Amino acid sequence: MSIPNQPVPPPPGGPPMYGQGYPPPPRKKRKLWPWILLAVVVLFFGGCFALVGTAAHEVSKSTDKSTAVAAAGSEVRDGKFAFAVTAVDPPVATVGDNEILRKTAQGEYVLVHVAITNIGDKAQSYFGENQKLIDDQGKQYSNDTSAELAANGDLTAEINPGNKISVSIPFDVPKGTVPATVEFHDSMFSGGARVALK
């Protein structure tokens, strides 16, 4: 005969019998770190998607700006520089009067003569390698820096505020290429400004 309110001993070799005076088993504590890790991952990827979306929007804005083409003879502005095409020479096979610096084209050179004015309030470096020529088929050409050295004697120029320089930008293009526009940049990271050549 068992005494009331006394735990009943478990059967030999068996588990304790809950509800018969033995306390319930302790609850398993849920681990918190997986939820924290999940929240961090969600926030990280959400932030990445937001940054990518913002960057894509900015790129599309700058692409729209650079694809607008100003009329031939117009002054265009990009960053701290104003650019004006002063002449476009007929294609030539070589550039430069100096025997040592003279450069021969793979195809033919189109020389675009440009006046560049610093419209900012600080000195800014001009680099010819940032400029592009676009033909009537939409193909883009970079300038030939060796030919630029032969044509101008320098590859870069520091332009103070309000000052203007004139340069020739040689583009090595296949024979028969029809130049349509030039895309000017005040730096390699700028959006660019396009002007028609005809």
# chains A, B, ... in the order shown; residues from 1 in each chain; ligands from 1
$ residues_around --residues "Lys198 of chain A" --least-positions-apart "6" --cutoff "10 Å" --atoms "only C-alpha atoms" --output "ChimeraX atom specification"
/A:71-73,88,179-181
$ write_last_selection --atoms "N, CA and C atoms" --output "compact mmCIF listing (two decimals), in the first residue's frame"
# COMPACT_ATOMS: atom_id res chain seq x y z
N ALA A 71 24.82 68.82 -80.93
CA ALA A 71 25.02 69.13 -82.35
C ALA A 71 26.49 69.44 -82.62
N ALA A 72 26.92 69.16 -83.84
CA ALA A 72 28.30 69.45 -84.25
C ALA A 72 28.61 70.92 -84.02
N GLY A 73 29.80 71.19 -83.50
CA GLY A 73 30.21 72.58 -83.24
C GLY A 73 29.82 73.07 -81.86
N VAL A 88 38.39 68.27 -87.57
CA VAL A 88 38.63 66.82 -87.72
C VAL A 88 39.40 66.65 -89.02
N PRO A 179 33.63 58.41 -88.74
CA PRO A 179 33.48 58.93 -87.38
C PRO A 179 32.16 59.68 -87.25
N ALA A 180 31.43 59.43 -86.17
CA ALA A 180 30.13 60.08 -85.98
C ALA A 180 30.13 61.02 -84.79
N THR A 181 30.61 60.54 -83.64
CA THR A 181 30.60 61.37 -82.43
C THR A 181 31.87 61.16 -81.64
$ residues_around --residues "Leu155 of chain A" --least-positions-apart "6" --cutoff "9 Å" --atoms "only C-alpha atoms" --output "number ranges by chain"
A: 126-129, 145-146, 148-149
$ closest_residue --among "A:Val69, A:Leu37, A:Val42, A:Ala105" --to "Pro174 of chain A" --atoms "only C-alpha atoms"
A:Ala105
$ closest_residue --among "A:Ala123, A:Gly162, A:Ala157, A:Val182" --to "Leu111 of chain A" --atoms "only C-alpha atoms"
A:Val182
$ atom_distance --atom1 "atom CA of Ile134 of chain A" --atom2 "atom CA of Asn152 of chain A"
21.8 Å
$ closest_residue --among "A:Ala68, A:Ala84, A:Ala193, A:Met188" --to "Val167 of chain A" --atoms "only C-alpha atoms"
A:Ala84
$ residues_around --residues "Ile165 of chain A" --least-positions-apart "6" --cutoff "7 Å" --atoms "only C-alpha atoms" --output "ChimeraX atom specification"
/A:115-117
$ select_by_dssp --residues "segment 52-162 of chain A" --states "strand (DSSP E or B)" --output "PyMOL selection string"
chain A and resi 69-70+75-78+81-88+92-95+103-118+124-127+132-135+140-143+156-159
$ atom_distance --atom1 "atom CA of Thr104 of chain A" --atom2 "atom CA of Asp154 of chain A"
17.8 Å
